[in-house]
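Following: one structure in structure tokens, then a few remarks.
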There are 2 protein chains.
Amino acid sequence: MSRTVALLITLLALSLDSAADARMRNVILIIGDGFDDQHVTMGRNYLAGMSGKLKVDDLPFRASVQVETVTPSGAPSYVADSANTATSLATGAVTSMGRIATDIGDRDVTTIGERAIAAGFKVGLVTTSSLTDATPASFLTHVSARSCEGPEEVLGSTYYGIPQPACLADARDNEGPGSIIEQLVSSGASILLGGGQKFIEQRTIDNETVAAMAARYGFQVVTSVEELASASSEQPLIGVFSEETLAVRWQGTDGRTAEATETGWLHYLSDYLGDTKEPEVMDCEPNPAYGDTPSLAIMTETALEHLSTDNDQGFFLMIESASIDKQSHKRDPCGSIGEIEQLEEALHHAQNFAQQHPDTLIIVTADHAQAAQILPEPTLYSGYPIPIYSPGLTARINTPEGGVMRINYATNNGFSEEHTGANVPLFANEIGAQQLRPFLRQREVHDAMSAFLMGATEPPLAKNTSPASR
Amino acid sequence: MSRTVALLITLLALSLDSAADARMRNVILIIGDGFDDQHVTMGRNYLAGMSGKLKVDDLPFRASVQVETVTPSGAPSYVADSANTATSLATGAVTSMGRIATDIGDRDVTTIGERAIAAGFKVGLVTTSSLTDATPASFLTHVSARSCEGPEEVLGSTYYGIPQPACLADARDNEGPGSIIEQLVSSGASILLGGGQKFIEQRTIDNETVAAMAARYGFQVVTSVEELASASSEQPLIGVFSEETLAVRWQGTDGRTAEATETGWLHYLSDYLGDTKEPEVMDCEPNPAYGDTPSLAIMTETALEHLSTDNDQGFFLMIESASIDKQSHKRDPCGSIGEIEQLEEALHHAQNFAQQHPDTLIIVTADHAQAAQILPEPTLYSGYPIPIYSPGLTARINTPEGGVMRINYATNNGFSEEHTGANVPLFANEIGAQQLRPFLRQREVHDAMSAFLMGATEPPLAKNTSPASR
């Protein structure tokens with residue numbers, strides 16, 4: 001064969017290859033749960049330094065996303081949970097807290113995951129929470145309450161002794177589609193990676209475990225990093241690597257989280273009298289419980305490999321860094337920061353993939369804002385001869401660049417912080433810059449992803465639950 | 001004259017006119033003090049509704065701005081004040097809290113306002129604070145401490161009995177350039193509108209009032225809306241409409257601000273026992289003290305008229321909505337929201353102007369984040385049989401669309417809330433979209449404005465005080 005002919009054949013092969021690539025359309029949606037601007041900045045200050053940049057900061061497009069929530073009767077509500085926000089991202093509908101892809105009339109709202117599967121795309125969900133948690137659940141299942149994670153919980157459960165909502169109409173016992181985990185394994189998803197062993201071990205109404213049910217639906221079921229590494233990319237795969245939420249990578253010194261300022265006895269007379277002792281400065285250190293938990297990066301890499309095998313149409317992949325929020329509830333800034341690092345690593349893999357597959361839309365966003373605030377160290381009022389301190393809980397963290405970053409949690413007096421209501425950031429690659437506007441309602445993020453992947457479609461059934469005109 | 005000739009003359013006149021316009025370059029920088037994403041969302045929810053849009057939301061470009069602050073010894077510091085942030089916006093330098101266009105070595109750093117005046121542009125400052133407050137001051141003056149507002153304060157002052165920093169080296173008594181107000185009236189600015197009568201009534205070392213000094217420098221001095229309306233656009237103008245900060249437009253019902261949750265006596269035994277009584281819901285209502293205070297809109301309109309009269313080169317105009325921050329310090333969400341409305345009205349005038357003068361860069365940004373958080377109403381944990389409430393102060397506001405928005409202030413136990421450390425939003429018109437990137441350090445906002453107005457120039461003297469490489 002002459003060199004010219006060889007060159008022509010090579011060029012032909014390359015052009016066929018790029019034509020195949022051009023046909024493949026992919027959406028990678030990375031959700032940082034609770035990844036609001038306070039947490040983005042906390043992550044930047046720690047991981048990149050005050051004057052540094054996160055990977056998300058280098059993405060070419062940035063927007064703000066207004067979160068919309070309604071009360072069960074449809075009135076506007078200014079703070080969300082991960083269920084109603086994931087429902088907006090997954091379906092384009094606005095609903096009430098705790099609902100998984102159902103509207104306030106308890107009607108199912110079709111998800112982008114379901115429509116993608118129906119249209120021949122592969123679908124994957126990857127999360128550091130349980131696969132049955134609100135965020136992943138909302139992309140492929142429909143129940144009236146986020147607590148209906150397994151065949152047991154769908155009939156009713158308790159949490160620290162407090163009864164949680166059941167979803168009796170959804171239960172297979174009542175000829176419903178079943179709990180979240182049952183709906184997930186029968187959804188037609190190609191890959192599901194996260195936590196949730198507790199739920200795949202439960203027995204269904206057919207007296208088989210959910211794991212056995214998953215196998216019956218064609219899934220390989222894996223529960224360790226080693227099994228994950230040796231699983232086939234040519235068969236659906238479910239991997240659950242802990243009972244529920246995966247362990248986080250980092251913790252504060254000796255497991256410390258935010259703490260109260262100690263006040264002397266004169267404080268009983270007046271807030272402005274007596275000595276105070278603020279919590280000691282701490283470091284972020286590896287969390288011993290993390291052990292051989294698979295990283296979000298490894299799960300992302302595996303999912304991208306899996307979803308792109310024998311697939312010339314494309315895929316929808318949702319990747320969640322769940323514990324930015326979960327550790328913020330627990331007043332554990334180092335836990336949140338380690339989880340932001342995991343999000344950044346997942347983004348790195350997504351960007352590498354998009355470089356090879358140019359029709360890949362990458363969006364990184366948060367679902368709702370969260371409690372943590374970066375406060376002055378020391379207080380702005382340190383010149384005043386009275387003790388000024390947080391009425392909540394404080395963590396003071398040494399940063400690698402030699403600063404001390406003070407994180408405050410003071411949304412309530414309880415065992416778990418509140419979400420907050422600020423609009424949340426969205427970051428996207430060049431394709432996102434073409435598809436999105438700088439200000440979006442959360443439901444419009446769904447609409448843009450959906451239009452990119454499958455073209456414009458009818459609005460979902462429940463869009464009319466939105467309290468305002470579109 | 002034939003119709004063809006008349007048409008040609010008209011076209012010629014239009015093209016000459018647009019050529020004149022093309023030569024005129026303007027920058028309008030609108031600073032919402034403390035206008036972070038919690039406050040933007042608070043404003044949106046109240047003024048436009050949960051699913052509505054503010055004017056800033058419709059601007060075609062949006063970015064996040066990382067605020068950089070250093071300690072007096074140059075170490076990274078994660079929360080700013082309005083002095084060091086305005087210094088970054090005005091000069092491109094990073095400095096320590098409290099400094100007005102001076103670096104941590106107390107060297108003056110040239111401001112965009114000064115360079116604009118030197119290059120033949122007109123310069124204006126408009127604010128709802130005192131003209132001598134940190135934000136406006138940083139665009140045209142240099143002192144070592146923000147407290148050095150007048151000829152008296154530059155020698156030392158107290159605030160609620162607490163000594164404030166003096167700026168002895170800056171005082172004219174010591175052959176320095178004088179206090180902030182003295183430097184402002186000798187700066188060559190064309191128009192200065194805001195509060196600060198207290199400071200123009202003080203006497204300088206020459207035993208003249210600052211008002212007399214201003215007149216000597218060619219200023220018309222006005223102190224009421226009527227005088228403002230009849231002032232000439234052809235002579236420099238200083239308008240001061242209150243002693244210090246201007247009164248805000250709105251307040252809570254009967255002047256109420258955020259309040260503590262009342263707890264019953266069983267609370268002395270445990271936080272989780274006993275009854276609690278949360279603050280009553282309130283409305284936002286007109287603040288009787290606002291009276292005939294000129295609106296930010298009127299001051300903006302006057303400044304734009306003034307700056308564009310007999311000016312074919314262009315101008316730099318800084319407009320500050322100061323009391324988003326000041327009322328957040330005071331836990332007064334209605335005060336902040338009324339001030340956000342004022343910012344929106346000022347933006348409306350800026351946009352109208354830019355429509356007539358296409359080479360006008362409009363940037364809206366915040367200087368630093370602030371204390372307020374939008375919290376769930378009721379708490380996320382209302383299902384639990386224990387009292388869950390904020391350890392800080394709470395305001396529950398009826399919104400015009402029929403919701404209740406809960407605002408929490410809990411950064412400290414003191415008389416004034418803390419700033420927070422999140423990156424802040426930036427909004428810009430089409431010209432901004434060409435000049436800016438979606439992630440910026442605050443100093444880079446200065447660099448972009450400066451390059452647009454005057455072309456690239458040498459970095460300011462003190463850029464080397466930035467703790468990280470540019």
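Residue numbering restarts at 1 in every chain; chains get A, B, ... in the order shown in the structure tokens, and ligands count up from 1 in that same order.
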
Checklist entry - With all C-alpha atoms paired in order, what RMSD does the least-squares fit of chain B onto chain A leave? => result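 Here the C-alpha RMSD works out to 0.1 Å.
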
Next on the checklist: Counting only C-alpha atoms, a student should be able to say which residues of chain A come within 7 Å of chain B; what is the right answer, written as a ChimeraX atom specification?
Outcome noted: /A:37-38,41,50-51,57,60-63,68,75-79,162,373-376,380,384,388-392,403,405,410-414,418-423,438-439,468

Selection export as a compact mmCIF listing (two decimals), in the first residue's frame, atoms kept: C-alpha atoms:
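Final output, saved to again.txt:
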# COMPACT_ATOMS: atom_id res chain seq x y z
CA ASP A 37 -21.51 30.54 47.06
CA GLN A 38 -20.43 30.32 50.72
CA THR A 41 -15.73 30.11 48.41
CA MET A 50 -7.79 33.00 48.55
CA SER A 51 -6.38 34.12 45.20
CA ASP A 57 -13.98 28.77 38.31
CA PRO A 60 -16.32 29.33 30.53
CA PHE A 61 -19.90 29.93 31.67
CA ARG A 62 -21.45 30.90 34.98
CA ALA A 63 -25.06 31.60 35.93
CA GLU A 68 -38.52 27.57 43.32
CA ALA A 75 -48.12 28.91 47.72
CA PRO A 76 -44.58 30.25 47.20
CA SER A 77 -42.02 28.99 49.68
CA TYR A 78 -38.53 30.49 49.87
CA VAL A 79 -36.37 27.58 51.01
CA ILE A 162 -40.03 10.18 64.73
CA GLN A 373 -21.09 31.20 56.54
CA ILE A 374 -17.49 32.38 56.38
CA LEU A 375 -17.07 34.95 59.18
CA PRO A 376 -14.30 37.41 60.03
CA LEU A 380 -15.13 42.95 62.90
CA TYR A 384 -14.69 46.85 71.40
CA ILE A 388 -18.48 39.42 70.65
CA TYR A 389 -19.02 35.84 69.53
CA SER A 390 -21.35 33.67 67.49
CA PRO A 391 -24.61 32.57 69.11
CA GLY A 392 -24.24 29.42 67.01
CA GLY A 403 -4.70 31.66 57.03
CA MET A 405 -10.89 30.45 57.97
CA ALA A 410 -26.17 29.38 63.41
CA THR A 411 -29.43 28.65 61.61
CA ASN A 412 -30.98 26.81 64.55
CA ASN A 413 -30.45 25.39 68.02
CA GLY A 414 -31.10 21.81 66.90
CA GLU A 418 -31.26 24.51 58.08
CA HIS A 419 -30.99 24.98 54.33
CA THR A 420 -31.03 28.58 53.15
CA GLY A 421 -32.81 30.33 50.30
CA ALA A 422 -30.18 32.08 48.16
CA ASN A 423 -30.01 31.51 44.43
CA PRO A 438 -26.93 33.94 32.96
CA PHE A 439 -30.08 33.85 35.09
CA ALA A 468 -45.96 32.07 38.20

Item to check | Best match for closeness to Gly92 (chain B) among B:Ile431, B:Ala166, B:Met449, B:Leu307, counting only C-alpha atoms | outcome: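 Of all the options, B:Met449 lies closest to Gly92 (chain B).
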
Next on the checklist: Using only C-alpha atoms for the distances, tell me which of B:Ala366, B:Pro165, B:Pro288, B:Glu182 is nearest to Thr141 (chain B).
Outcome noted: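 Nearest candidate to Thr141 (chain B) out of B:Ala366, B:Pro165, B:Pro288, B:Glu182: B:Glu182.
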
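Residues with any atom within 9 Å of Val126 (chain B), counting only C-alpha atoms and excluding same-chain neighbours fewer than 5 positions away, are Leu131, Pro136, Ile191, Leu192, Leu193, Gly194, Leu296, Met299, Thr300, Ala303, Leu317, Met318, Ile319, Glu320 and Ser321 of chain B.
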
So that I can check the surroundings of region 326-343 of chain B, please list as a PDB file with N, CA and C atoms, in the first residue's frame every protein, DNA and RNA residue that reaches within 6 Å of it, counting only C-alpha atoms and ignoring chain neighbours fewer than 2 positions away.
ATOM      1  N   GLY B  43     -34.193  40.311  47.725  1.00  0.00           N
ATOM      2  CA  GLY B  43     -34.775  41.382  46.921  1.00  0.00           C
ATOM      3  C   GLY B  43     -35.682  40.830  45.834  1.00  0.00           C
ATOM      4  N   ARG B 249     -35.639  53.917  52.601  1.00  0.00           N
ATOM      5  CA  ARG B 249     -37.001  54.076  52.111  1.00  0.00           C
ATOM      6  C   ARG B 249     -38.007  53.275  52.929  1.00  0.00           C
ATOM      7  N   TRP B 250     -37.628  52.084  53.339  1.00  0.00           N
ATOM      8  CA  TRP B 250     -38.582  51.191  54.006  1.00  0.00           C
ATOM      9  C   TRP B 250     -38.116  50.784  55.392  1.00  0.00           C
ATOM     10  N   GLN B 251     -39.074  50.343  56.180  1.00  0.00           N
ATOM     11  CA  GLN B 251     -38.782  49.750  57.485  1.00  0.00           C
ATOM     12  C   GLN B 251     -39.775  48.614  57.715  1.00  0.00           C
ATOM     13  N   GLY B 252     -39.548  47.803  58.759  1.00  0.00           N
ATOM     14  CA  GLY B 252     -40.523  46.799  59.159  1.00  0.00           C
ATOM     15  C   GLY B 252     -41.694  47.459  59.893  1.00  0.00           C
ATOM     16  N   THR B 257     -37.344  45.394  63.680  1.00  0.00           N
ATOM     17  CA  THR B 257     -36.295  44.675  62.953  1.00  0.00           C
ATOM     18  C   THR B 257     -36.352  43.216  63.417  1.00  0.00           C
ATOM     19  N   ALA B 258     -35.327  42.428  63.104  1.00  0.00           N
ATOM     20  CA  ALA B 258     -35.328  41.025  63.538  1.00  0.00           C
ATOM     21  C   ALA B 258     -35.304  40.943  65.060  1.00  0.00           C
ATOM     22  N   CYS B 284     -43.330  45.156  55.251  1.00  0.00           N
ATOM     23  CA  CYS B 284     -42.446  46.286  54.962  1.00  0.00           C
ATOM     24  C   CYS B 284     -43.336  47.497  54.702  1.00  0.00           C
ATOM     25  N   LEU B 296     -31.981  57.413  45.104  1.00  0.00           N
ATOM     26  CA  LEU B 296     -30.768  57.093  44.346  1.00  0.00           C
ATOM     27  C   LEU B 296     -31.037  57.319  42.860  1.00  0.00           C
ATOM     28  N   SER B 321     -25.456  51.855  46.379  1.00  0.00           N
ATOM     29  CA  SER B 321     -26.600  51.625  47.250  1.00  0.00           C
ATOM     30  C   SER B 321     -26.017  51.062  48.544  1.00  0.00           C
ATOM     31  N   SER B 323     -27.027  51.053  51.867  1.00  0.00           N
ATOM     32  CA  SER B 323     -27.707  50.560  53.065  1.00  0.00           C
ATOM     33  C   SER B 323     -28.244  49.135  52.960  1.00  0.00           C
ATOM     34  N   ILE B 324     -28.006  48.448  51.826  1.00  0.00           N
ATOM     35  CA  ILE B 324     -28.238  47.002  51.847  1.00  0.00           C
ATOM     36  C   ILE B 324     -27.407  46.445  52.999  1.00  0.00           C
ATOM     37  N   GLU B 345     -33.664  50.909  40.538  1.00  0.00           N
ATOM     38  CA  GLU B 345     -34.092  52.146  39.865  1.00  0.00           C
ATOM     39  C   GLU B 345     -32.883  52.894  39.269  1.00  0.00           C
ATOM     40  N   ALA B 346     -31.781  52.894  40.013  1.00  0.00           N
ATOM     41  CA  ALA B 346     -30.563  53.536  39.484  1.00  0.00           C
ATOM     42  C   ALA B 346     -30.107  52.804  38.227  1.00  0.00           C
ATOM     43  N   SER B 416     -24.179  44.734  66.112  1.00  0.00           N
ATOM     44  CA  SER B 416     -24.074  44.882  64.652  1.00  0.00           C
ATOM     45  C   SER B 416     -23.560  43.570  64.072  1.00  0.00           C
ATOM     46  N   GLU B 417     -24.231  43.089  63.017  1.00  0.00           N
ATOM     47  CA  GLU B 417     -23.846  41.801  62.426  1.00  0.00           C
ATOM     48  C   GLU B 417     -22.481  41.868  61.733  1.00  0.00           C
TER      49      GLU B 417
END

Item to check | Counting only C-alpha atoms, the residue of A:Leu426, A:Val225, A:Val445, A:Ala171 that sits nearest Ala90 (chain A) | outcome: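 Smallest separation from Ala90 (chain A) among the options: A:Val445.
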
Next on the checklist: Which residues are close to Ala169 (chain A), i.e. within 10 Å by only C-alpha atoms, leaving aside same-chain residues fewer than 5 positions away? Reply as a list of chain:residue names.
Outcome noted: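 Everything that qualifies: A:Asp106, A:Val143, A:Ser144, A:Val154, A:Leu155, A:Asn174, A:Glu175, A:Gly176, A:Pro177, A:Gly178.
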
Next on the checklist: Among region 102-152 of chain A, which ones does DSSP assign to strand (DSSP E or B) (computed from the backbone)? Answer as a PyMOL selection string.
Outcome noted: chain A and resi 102+108+122-130+143

Next on the checklist: Taking 5 positions as the minimum chain separation for residues in the same chain, which residues sit within 8 Å of region 209-222 of chain A when counting only C-alpha atoms? Answer as JSON, numbers by chain.
Outcome noted: {"A": [181, 182, 185, 186, 199, 200, 201, 202, 203, 204, 227, 228, 231, 235, 236, 237, 238, 239, 240, 241]}

Item to check | Spatial neighbours of Val27 (chain A), max dist 12 Å, only C-alpha atoms, sep filter under 3 positions, as a PyMOL selection string | outcome: chain A and resi 24+30+112-113+116+121-125+304+307-308+313-319+350-351+353-354+357-364+428-429+431-432+435+445-446+448-454

Item to check | alpha helix (DSSP H) residues, from DSSP on the backbone, in region 332-400 of chain A, as a ChimeraX atom specification | outcome: /A:333-356

Next on the checklist: Between B:Thr158, B:Thr365, B:Gln183, B:Ser270, which residue has the minimum interatomic distance to Ala137 (chain B), considering only C-alpha atoms?
Outcome noted: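 Going through B:Thr158, B:Thr365, B:Gln183, B:Ser270 one by one, the smallest distance to Ala137 (chain B) is for B:Gln183.
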
Item to check | One-decimal distance in Å that lies between CA of Ala118 (chain A) and CA of Lys198 (chain A) | outcome: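 According to the coordinates, CA of Lys198 (chain A) and CA of Ala118 (chain A) are separated by 29.3 Å.
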
Item to check | Pairwise distance for CA of Glu305 (chain A) and CA of Ser233 (chain A), rounded to one decimal in Å | outcome: 7.1 Å

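Considering the residues B:Leu436, B:Tyr159, B:Ser129, B:Val281 and counting only C-alpha atoms, Gly32 (chain B) has its shortest atom-to-atom contact with B:Ser129.
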
Item to check | Computed interatomic separation between CA of Ala289 (chain A) and CA of Leu29 (chain A) (Å) | outcome: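 Pair CA of Ala289 (chain A) / CA of Leu29 (chain A) returns 27.9 Å.
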